[in-house]
Every structure is written in structure tokens, then in C-alpha cells.
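Accompanying notes for the structure given below.
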Amino acid sequence: MFRIMGAGGAAAFSSGLASAAKAPQNDTTQQAVLTAWNELNELDGQRSRLLQQRMRWWTDAKFGLFIHWDPSSLASVEISWPIMRPSPKWNITQEEYVNLYKKFNPVKYDPDAWVELAKVAGQKYIVFTTKHHDGFCMFDSSFTDYKITNTPYKKDVLMMLVEACRRHDMPLGYYYSPPDMHHPDFRDTSKPAKDNWQGEPTRPQWPNYLNYFQLQLRELTTRYGEPTVFWFDGLNNQEKYDGYHVQRMLRELSPSSLFNNRLGTPGDYETPEQFVPDRVPVRGVRIAGTNQSEQDRLPSGLPRLEDFQPWETCMTINDTWAYNKNDHNYKSSKILIQTLVNVASKGGNFLLDVGPSPEGLIQPEFQDRLRDVGKWLAINGESIYGTTYGPLQDLAYGKTTAKRGTTYLHIFDWPKGNLEVSGVEHVSRVTLLARGEILSFQRSGKGITVRLPEQAPDPYDTVLKIETS
């Protein structure tokens, strides 16, 4: 007998939104943040409906493609960080790094191929790095010479991707980094970036930088079109970017766009990085970046639907966000599929990253894994898309997702003999999702005992569809 027990019950927790400040907040501060965010999002009826529709679509989409790409790919180093935190493993000077664009010529770039790969992988949206912390613009900005159209390639790769996404009906989001190592008003560029990469908001030039930053965001929105999301990456002390003002401006220009939580405002969704929270995220607990201790404030058990906080984990396939020909530590297809399921089981989205090569190609190791995930989703996508967090959490050998009277039980490790599932009642039918095969079961207390085939139908994750009357 193989037994799976689930945790249940609602949990009490704070409903106030947390700000970007690092210090603990009292109730008055939390209420002020909540009030500011509500004021920011006071929209007229039409714009409010657009925003709500986009949020519903986004939470149903579940799986997206993150793309980190700029001239740093020429050196097989991480994007931006070699000049911010130099390390012997990167073996590149700041001068060498900032001049890579003079050799950047991705002649094999085919945005249609990228979008087609995302669709084959079952990904429902793309987020592209328009500008990372190094300040290099992958679009033809009117406000800087440090940009893609001043490389030997000369073409506007963002506009090409925008047009490809329109051809293939693929929603596109814009990653835009508020930090900018190249701009003299963000920091004193006579010093190495490692000395002042956090920016210098006390200098008199800082308002000029904020103006530059906002000009580029307006440029992206009006010239390239409204994005699905604005994916900011403000690093530390994000309040220095005047996020409420910025997002109020963007709400006017792009009323259906979502915002992540990395601009000193609560944002529309949380952004854990390189990990999946242990519990279902709830409103009032901010999770952003790689610091896993933030999730310790999450309550155990199941929150009410109205208390659930939308969230998205971003993650790399190997250990590098950008292209790195020397990084062969690839996550297996099995790990990626099970991570997607784990994310969905807690109601989140999974934004999986690729770093294209200097020529503009997505390397075969990434493509193979994305196609494997897509093959699994082609059969089991019903258990991922449009679902919410599952009723059974903390399972020893699997996960659950849920949708309108149906619980999907994802079994990672196939048991021998019968499967006892506690915590599901009023079950009317159990089937193997992939084959549609009806499985016999018996009710026992507040659960069921299911008779399973001897062998797992799927080596990665076999899904049982448990329907309730």
C-alpha cells in the first residue's frame, strides 16, 4: 500500500502589502504602502477590465520563456555581473566588456524560430531583455548610442522579435533593468562599476537619470507596442526609482500591462528567483530574488482564493542567465517538467530562461529540453494550464493542481500496488490523463484507494485526473 497524505485547512496571515524596504515594517507603514498601491491602480472601468483580463490570462498561462541576450554572449560570461562583481572565473576586464558591442553581429538571429520553439515547448508568453544592468540597449533607443543599431549587425532585434510575436500571436513582455552601469547620471562612470554599481541617488545628476529611464520606458511602450508585462530588475533599494510615479505613467500608456515587484512597489506578482517557494504565496508576503528566507513568513495550509498572491519563478536551464559555452550543468528534462508541476501546484508561473549565442541561436541542449517539456505538455497540459494550487500540499511523492471540480494528482515516483489518497471527497471518476483510461477505486473515509497499473505510463510525471461530483 502506498499512502499520500495532504495538508489542508486555511491559514491566518496578514493582508497588508509589504514594500521593497529591507527593514521590518509596522502596521502604519504597511497600510501606507497598500493605500499607495490602490491609488496607483485606480483606473476607469475600461482600463480596469483590461488589467483584470490580462491578470486572468497570465495566471492561466503558467509557462513562459525568458531570454537574456546582449553582446556579453561573445565572451561566454554572465550578463552585466562581470563588471559589477568581477571574478577570476569570468576573465574579462570592464573595458573589454563594455566594448564587446563593437564585434556583436548575430547574423543567424531568426526571431520566428525563437517564437516557434517557445510554442513547441508549450510556453504561452516570452519576456525579452531590452536592457540589462550593463546599460546596453537591445532596441533602437533615441536616447543613447550604446545600442544594438550601433553594432556591426545594425538591425533592431527587439522590433524584429515584436513583429515575429505578432505573426505567431505570442504575447511579449519587456525585461528592463533600472540600474545602468553605462549612464553617467546613474553613477560616476569615472570609477569602476564595482565601486558604485548600486547607483548614486544623492548626486545632483540623479533626476536626469530618472528622466532617461522614463523616456526609454515611454519609448518602448509607444514605439514597440504595449507589453504583456514590464519585468523590472531593480536590485537593492528599489525605492530610489520613484516606482509609483513610473508605474502610474505606464498605467496610462499601457493599461493592460502587468508589473512585477522589483521597482519599489508591490507590483502585480511576486518573483522568486532560482527556487520554488515551499508554500503557497499569499498577499502581504513579499518574495523577490534569490533570498529564500523571505518565504519563511508564508503560512502553512491552503489560503482562500482571494488571499492568494500571483507569483512567478524565473529559473535557468544551466547555471547562467546569458550564453555561456562553458556551462554544461544542464537541468534534465525530468527536473524541468517536475519543477513546472511544482510551480503550478502552488498556483505560480514558471519563466524558464535561455541565453542565445553570439550568432543568435538557441543552443541544442536548451532546445532539446524545451521540446521535451512541450511533448509532455501536449499530453498533460490540461493539468497545468488554467489550474490553481492543488488541495493536497506537502505530498511525499507527488503534487496536485486543481481546476473546476477536478484535482490532478501528479505522481513523480510510481508506487507498487494500490494508491491511497487522503483529503479528496465525493470522487466520481479517476482516469489516467494521458490515456483516458478509467481506473477502479474505492472510497475510504475522506479519501480513495486507486488501483494502478504496475508500470508508470510516464517516466517523468504520470497524472491522475480525479473528478468530483
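Chain labels A, B, ... are given in the sequence in which chains occur in the C-alpha cells; within each chain residues are numbered consecutively from 1, and ligands are likewise numbered from 1 in the order shown.
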So which residues of stretch 15-168 of chain A fall under alpha helix (DSSP H) by DSSP, listed as number ranges by chain?
A: 27-40, 45-61, 81-84, 94-98, 111-120, 157-167
Could you name the residues that touch stretch 143-147 of chain A at 12 Å or less, counting only C-alpha atoms, but leaving out those on the same chain fewer than 3 positions away, as a PyMOL selection string?
chain A and resi 70-71+98-102+104+130-132+134-140+150-158+180-184+209+211-220
Contact residues around A:Val343 with only C-alpha atoms at 12 Å, ignoring same-chain residues under 4 positions, as an NGL selection string
:A and (59 or 62-63 or 272 or 274-281 or 310-315 or 336-339 or 347-352 or 384-385 or 387-390 or 393 or 399-401)
Go ahead and dump the residues you just picked, N, CA and C atoms, as an mmCIF file, in the first residue's frame.
```cif
data_model
loop_
_atom_site.group_PDB
_atom_site.id
_atom_site.type_symbol
_atom_site.label_atom_id
_atom_site.label_comp_id
_atom_site.auth_asym_id
_atom_site.auth_seq_id
_atom_site.Cartn_x
_atom_site.Cartn_y
_atom_site.Cartn_z
ATOM 1 N N THR A 59 -2.283 34.314 -15.179
ATOM 2 C CA THR A 59 -2.284 33.265 -14.168
ATOM 3 C C THR A 59 -2.695 31.922 -14.758
ATOM 4 N N LYS A 62 0.764 30.013 -17.128
ATOM 5 C CA LYS A 62 1.642 29.120 -16.365
ATOM 6 C C LYS A 62 3.096 29.022 -16.815
ATOM 7 N N PHE A 63 3.373 29.096 -18.112
ATOM 8 C CA PHE A 63 4.718 28.747 -18.588
ATOM 9 C C PHE A 63 5.175 29.757 -19.626
ATOM 10 N N PRO A 272 10.107 35.080 -7.033
ATOM 11 C CA PRO A 272 11.226 34.264 -6.549
ATOM 12 C C PRO A 272 12.136 33.877 -7.709
ATOM 13 N N GLN A 274 15.246 31.368 -9.078
ATOM 14 C CA GLN A 274 16.031 30.134 -8.979
ATOM 15 C C GLN A 274 15.557 29.207 -7.854
ATOM 16 N N PHE A 275 14.353 29.410 -7.345
ATOM 17 C CA PHE A 275 13.792 28.460 -6.393
ATOM 18 C C PHE A 275 12.265 28.527 -6.447
ATOM 19 N N VAL A 276 11.636 27.487 -5.918
ATOM 20 C CA VAL A 276 10.178 27.418 -5.835
ATOM 21 C C VAL A 276 9.799 27.509 -4.354
ATOM 22 N N PRO A 277 8.931 28.426 -3.966
ATOM 23 C CA PRO A 277 8.547 28.518 -2.551
ATOM 24 C C PRO A 277 8.010 27.198 -2.016
ATOM 25 N N ASP A 278 8.243 26.974 -0.739
ATOM 26 C CA ASP A 278 7.788 25.735 -0.102
ATOM 27 C C ASP A 278 6.280 25.729 0.123
ATOM 28 N N ARG A 279 5.681 26.931 0.207
ATOM 29 C CA ARG A 279 4.253 27.039 0.490
ATOM 30 C C ARG A 279 3.598 27.989 -0.506
ATOM 31 N N VAL A 280 2.284 27.998 -0.512
ATOM 32 C CA VAL A 280 1.540 28.825 -1.459
ATOM 33 C C VAL A 280 1.692 30.296 -1.075
ATOM 34 N N PRO A 281 2.189 31.150 -1.967
ATOM 35 C CA PRO A 281 2.325 32.573 -1.650
ATOM 36 C C PRO A 281 0.982 33.250 -1.390
ATOM 37 N N PRO A 310 -0.539 36.124 -6.760
ATOM 38 C CA PRO A 310 0.086 35.657 -8.001
ATOM 39 C C PRO A 310 1.605 35.761 -7.922
ATOM 40 N N TRP A 311 2.282 34.809 -8.543
ATOM 41 C CA TRP A 311 3.741 34.782 -8.455
ATOM 42 C C TRP A 311 4.314 34.024 -9.648
ATOM 43 N N GLU A 312 5.615 34.227 -9.847
ATOM 44 C CA GLU A 312 6.305 33.611 -10.979
ATOM 45 C C GLU A 312 7.752 33.335 -10.588
ATOM 46 N N THR A 313 8.164 32.088 -10.708
ATOM 47 C CA THR A 313 9.567 31.724 -10.516
ATOM 48 C C THR A 313 10.301 31.842 -11.840
ATOM 49 N N CYS A 314 11.420 32.564 -11.845
ATOM 50 C CA CYS A 314 12.303 32.565 -13.010
ATOM 51 C C CYS A 314 13.501 31.681 -12.704
ATOM 52 N N MET A 315 13.949 30.939 -13.714
ATOM 53 C CA MET A 315 14.988 29.933 -13.471
ATOM 54 C C MET A 315 15.773 29.687 -14.746
ATOM 55 N N LEU A 336 13.066 19.721 -15.121
ATOM 56 C CA LEU A 336 12.326 20.889 -15.607
ATOM 57 C C LEU A 336 10.828 20.632 -15.602
ATOM 58 N N ILE A 337 10.401 19.450 -16.031
ATOM 59 C CA ILE A 337 8.970 19.124 -16.032
ATOM 60 C C ILE A 337 8.441 19.091 -14.604
ATOM 61 N N GLN A 338 9.174 18.457 -13.714
ATOM 62 C CA GLN A 338 8.705 18.368 -12.339
ATOM 63 C C GLN A 338 8.745 19.726 -11.640
ATOM 64 N N THR A 339 9.669 20.594 -12.046
ATOM 65 C CA THR A 339 9.680 21.952 -11.495
ATOM 66 C C THR A 339 8.467 22.736 -11.969
ATOM 67 N N GLY A 347 0.218 27.361 -7.541
ATOM 68 C CA GLY A 347 -0.507 28.442 -8.199
ATOM 69 C C GLY A 347 0.343 29.397 -8.989
ATOM 70 N N GLY A 348 1.646 29.098 -9.195
ATOM 71 C CA GLY A 348 2.544 30.053 -9.817
ATOM 72 C C GLY A 348 2.749 29.849 -11.300
ATOM 73 N N ASN A 349 3.553 30.736 -11.876
ATOM 74 C CA ASN A 349 4.009 30.638 -13.258
ATOM 75 C C ASN A 349 5.491 30.278 -13.260
ATOM 76 N N PHE A 350 5.936 29.666 -14.349
ATOM 77 C CA PHE A 350 7.332 29.240 -14.490
ATOM 78 C C PHE A 350 7.923 29.940 -15.699
ATOM 79 N N LEU A 351 8.886 30.844 -15.468
ATOM 80 C CA LEU A 351 9.543 31.592 -16.527
ATOM 81 C C LEU A 351 10.937 30.999 -16.697
ATOM 82 N N LEU A 352 11.115 30.190 -17.738
ATOM 83 C CA LEU A 352 12.341 29.416 -17.929
ATOM 84 C C LEU A 352 13.252 30.123 -18.927
ATOM 85 N N ILE A 384 -2.060 21.591 -16.159
ATOM 86 C CA ILE A 384 -1.205 22.749 -15.867
ATOM 87 C C ILE A 384 -1.916 24.055 -16.227
ATOM 88 N N TYR A 385 -2.268 24.222 -17.491
ATOM 89 C CA TYR A 385 -2.871 25.476 -17.937
ATOM 90 C C TYR A 385 -4.221 25.694 -17.260
ATOM 91 N N THR A 387 -4.986 26.090 -14.229
ATOM 92 C CA THR A 387 -5.192 25.497 -12.907
ATOM 93 C C THR A 387 -4.800 26.479 -11.811
ATOM 94 N N THR A 388 -5.138 26.101 -10.600
ATOM 95 C CA THR A 388 -4.682 26.832 -9.430
ATOM 96 C C THR A 388 -3.992 25.844 -8.499
ATOM 97 N N TYR A 389 -3.574 26.331 -7.331
ATOM 98 C CA TYR A 389 -2.852 25.465 -6.407
ATOM 99 C C TYR A 389 -3.725 24.280 -5.985
ATOM 100 N N GLY A 390 -3.060 23.151 -5.785
ATOM 101 C CA GLY A 390 -3.783 21.924 -5.504
ATOM 102 C C GLY A 390 -4.251 21.820 -4.066
ATOM 103 N N GLN A 393 -1.211 19.585 -0.412
ATOM 104 C CA GLN A 393 0.153 20.090 -0.401
ATOM 105 C C GLN A 393 1.020 19.145 0.438
ATOM 106 N N LYS A 399 2.562 15.908 -6.559
ATOM 107 C CA LYS A 399 1.966 17.235 -6.414
ATOM 108 C C LYS A 399 0.525 17.195 -6.896
ATOM 109 N N THR A 400 -0.249 18.209 -6.556
ATOM 110 C CA THR A 400 -1.599 18.329 -7.096
ATOM 111 C C THR A 400 -1.821 19.717 -7.665
ATOM 112 N N THR A 401 -2.634 19.790 -8.701
ATOM 113 C CA THR A 401 -3.172 21.033 -9.229
ATOM 114 C C THR A 401 -4.686 20.872 -9.274
#
```
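Counting only C-alpha atoms, A:Ala164 has the following residues at most 8 Å away, ignoring those fewer than 6 positions along the same chain: Pro111, Asp112 and Val115 of chain A.
Every protein or nucleic acid residue with an atom no more than 8 Å from A:Ile287, counting only C-alpha atoms and leaving out same-chain residues fewer than 3 positions away, appears here: A:Glu270, A:Thr271, A:Pro272, A:Glu294, A:Gln295.
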Could you go through stretch 148-306 of chain A and tell me which residues DSSP, when run on the backbone, assigns to strand (DSSP E or B), listing them as a PDB file with N, CA and C atoms, in the first residue's frame?
```
ATOM      1  N   LEU A 172       4.318  39.192 -25.671  1.00  0.00           N
ATOM      2  CA  LEU A 172       5.707  39.540 -25.401  1.00  0.00           C
ATOM      3  C   LEU A 172       5.787  40.532 -24.248  1.00  0.00           C
ATOM      4  N   GLY A 173       6.680  40.249 -23.299  1.00  0.00           N
ATOM      5  CA  GLY A 173       6.935  41.168 -22.210  1.00  0.00           C
ATOM      6  C   GLY A 173       8.331  41.757 -22.321  1.00  0.00           C
ATOM      7  N   TYR A 174       8.540  42.917 -21.686  1.00  0.00           N
ATOM      8  CA  TYR A 174       9.820  43.603 -21.740  1.00  0.00           C
ATOM      9  C   TYR A 174      10.508  43.544 -20.379  1.00  0.00           C
ATOM     10  N   TYR A 175      11.641  42.849 -20.322  1.00  0.00           N
ATOM     11  CA  TYR A 175      12.539  42.999 -19.181  1.00  0.00           C
ATOM     12  C   TYR A 175      13.269  44.326 -19.384  1.00  0.00           C
ATOM     13  N   TYR A 176      13.280  45.163 -18.354  1.00  0.00           N
ATOM     14  CA  TYR A 176      14.021  46.430 -18.412  1.00  0.00           C
ATOM     15  C   TYR A 176      14.658  46.648 -17.043  1.00  0.00           C
ATOM     16  N   VAL A 229       3.944  42.188 -19.937  1.00  0.00           N
ATOM     17  CA  VAL A 229       4.440  42.550 -18.613  1.00  0.00           C
ATOM     18  C   VAL A 229       5.624  43.493 -18.767  1.00  0.00           C
ATOM     19  N   PHE A 230       5.808  44.336 -17.763  1.00  0.00           N
ATOM     20  CA  PHE A 230       7.065  45.046 -17.558  1.00  0.00           C
ATOM     21  C   PHE A 230       7.810  44.290 -16.469  1.00  0.00           C
ATOM     22  N   TRP A 231       8.933  43.689 -16.852  1.00  0.00           N
ATOM     23  CA  TRP A 231       9.706  42.874 -15.908  1.00  0.00           C
ATOM     24  C   TRP A 231      10.921  43.687 -15.483  1.00  0.00           C
ATOM     25  N   PHE A 232      10.762  44.406 -14.353  1.00  0.00           N
ATOM     26  CA  PHE A 232      11.846  45.233 -13.836  1.00  0.00           C
ATOM     27  C   PHE A 232      12.793  44.384 -12.983  1.00  0.00           C
ATOM     28  N   LEU A 258       1.058  44.114 -17.020  1.00  0.00           N
ATOM     29  CA  LEU A 258       1.312  43.774 -15.634  1.00  0.00           C
ATOM     30  C   LEU A 258       2.705  44.246 -15.233  1.00  0.00           C
ATOM     31  N   PHE A 259       2.908  44.422 -13.911  1.00  0.00           N
ATOM     32  CA  PHE A 259       4.201  44.806 -13.370  1.00  0.00           C
ATOM     33  C   PHE A 259       4.662  43.759 -12.365  1.00  0.00           C
ATOM     34  N   ASN A 260       5.945  43.414 -12.422  1.00  0.00           N
ATOM     35  CA  ASN A 260       6.469  42.579 -11.345  1.00  0.00           C
ATOM     36  C   ASN A 260       6.775  43.456 -10.136  1.00  0.00           C
ATOM     37  N   TYR A 269       2.682  40.832  -9.136  1.00  0.00           N
ATOM     38  CA  TYR A 269       3.039  39.459  -8.809  1.00  0.00           C
ATOM     39  C   TYR A 269       4.442  39.399  -8.209  1.00  0.00           C
ATOM     40  N   GLU A 270       4.680  38.348  -7.428  1.00  0.00           N
ATOM     41  CA  GLU A 270       5.959  38.132  -6.761  1.00  0.00           C
ATOM     42  C   GLU A 270       6.933  37.416  -7.701  1.00  0.00           C
ATOM     43  N   THR A 271       8.242  37.512  -7.391  1.00  0.00           N
ATOM     44  CA  THR A 271       9.247  36.996  -8.320  1.00  0.00           C
ATOM     45  C   THR A 271      10.384  36.246  -7.612  1.00  0.00           C
ATOM     46  N   PRO A 272      10.107  35.080  -7.033  1.00  0.00           N
ATOM     47  CA  PRO A 272      11.226  34.264  -6.549  1.00  0.00           C
ATOM     48  C   PRO A 272      12.136  33.877  -7.709  1.00  0.00           C
ATOM     49  N   GLU A 273      13.417  33.784  -7.432  1.00  0.00           N
ATOM     50  CA  GLU A 273      14.411  33.548  -8.485  1.00  0.00           C
ATOM     51  C   GLU A 273      15.245  32.307  -8.168  1.00  0.00           C
ATOM     52  N   VAL A 282       0.990  34.188  -0.453  1.00  0.00           N
ATOM     53  CA  VAL A 282      -0.214  34.925  -0.087  1.00  0.00           C
ATOM     54  C   VAL A 282       0.095  36.415  -0.073  1.00  0.00           C
ATOM     55  N   ALA A 288      11.048  38.203  -3.607  1.00  0.00           N
ATOM     56  CA  ALA A 288      11.714  38.694  -4.811  1.00  0.00           C
ATOM     57  C   ALA A 288      13.187  38.346  -4.743  1.00  0.00           C
ATOM     58  N   GLY A 289      13.693  37.722  -5.799  1.00  0.00           N
ATOM     59  CA  GLY A 289      15.113  37.420  -5.836  1.00  0.00           C
ATOM     60  C   GLY A 289      15.430  36.053  -5.266  1.00  0.00           C
TER      61      GLY A 289
END
```
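Here atom CA of A:Gly398 stands at a distance of 5.3 Å from atom CA of A:Phe412.
With only C-alpha atoms as the atoms that count, the minimum distance from A:Lys325 to the choices A:Ser73, A:Thr149, A:Asn291, A:Gln46 is reached by A:Ser73.
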Residues near A:Lys108, cut-off 8 Å, only C-alpha atoms, skip fewer than 4 positions along chain, as a VMD selection string
chain A and resid 359 to 361
Expected file: the selected residues, C-alpha atoms, as a short mmCIF file (atom, residue, chain, number, x, y, z; two decimals), in the first residue's frame:
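Written output follows (again-v3.cif):
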```cif
data_model
loop_
_atom_site.label_atom_id
_atom_site.label_comp_id
_atom_site.auth_asym_id
_atom_site.auth_seq_id
_atom_site.Cartn_x
_atom_site.Cartn_y
_atom_site.Cartn_z
CA GLU A 359 25.19 34.32 -33.61
CA GLY A 360 21.61 34.47 -32.38
CA LEU A 361 20.99 30.74 -31.96
#
```
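Proximity to A:Glu382 was assessed for A:Gly423, A:Ser190, A:Leu464, A:Lys119 counting only C-alpha atoms; the smallest distance is recorded for A:Leu464.
Each of A:Ser383, A:Thr468, A:Asn324, A:Asn418 was compared to A:Gly405 using only C-alpha atoms, and A:Thr468 turns out to be the nearest.
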Report as a list in words all protein, DNA and RNA residues lying within 12 Å of A:Ser444, evaluated on only C-alpha atoms, omitting residues in the same chain fewer than 5 positions from it.
Leu419, Glu420, Val421, Ser422, Gly423, Val424, Glu425, His426, Val427, Thr449 and Val450 of chain A
Resulting file, chosen residues, N, CA and C atoms, as a CSV table (one decimal), in the first residue's frame:
```
chain,number,residue,atom,x,y,z
A,419,LEU,N,-2.9,2.8,-4.5
A,419,LEU,CA,-2.5,4.2,-4.1
A,419,LEU,C,-3.7,4.7,-3.2
A,420,GLU,N,-3.4,5.1,-2.0
A,420,GLU,CA,-4.4,5.7,-1.1
A,420,GLU,C,-4.1,7.2,-1.0
A,421,VAL,N,-5.2,7.9,-1.4
A,421,VAL,CA,-5.1,9.4,-1.4
A,421,VAL,C,-6.1,9.9,-0.4
A,422,SER,N,-5.6,10.6,0.6
A,422,SER,CA,-6.5,11.2,1.7
A,422,SER,C,-6.7,12.7,1.3
A,423,GLY,N,-7.9,13.1,1.7
A,423,GLY,CA,-8.2,14.5,1.5
A,423,GLY,C,-9.0,14.9,0.3
A,424,VAL,N,-9.5,13.9,-0.4
A,424,VAL,CA,-10.4,14.1,-1.6
A,424,VAL,C,-11.7,13.4,-1.3
A,425,GLU,N,-12.8,14.1,-1.5
A,425,GLU,CA,-14.1,13.5,-1.2
A,425,GLU,C,-15.0,13.7,-2.4
A,426,HIS,N,-16.1,12.9,-2.4
A,426,HIS,CA,-17.1,12.9,-3.4
A,426,HIS,C,-16.6,12.7,-4.8
A,427,VAL,N,-15.6,11.7,-4.9
A,427,VAL,CA,-15.0,11.4,-6.2
A,427,VAL,C,-15.9,10.6,-7.0
A,449,THR,N,-8.9,4.9,-2.5
A,449,THR,CA,-7.9,3.9,-2.8
A,449,THR,C,-8.0,3.6,-4.3
A,450,VAL,N,-6.9,3.9,-5.1
A,450,VAL,CA,-7.0,3.7,-6.5
A,450,VAL,C,-6.1,2.5,-6.9
```
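Comparing A:Asp185, A:Pro391, A:Arg167, A:Pro457 by their smallest distance to A:Trp414, the closest is A:Pro457 (using only C-alpha atoms).
Closest approach to A:Lys403 among A:Val354, A:Ile466, A:Ile448, A:Val341: A:Ile466, based on only C-alpha atoms.
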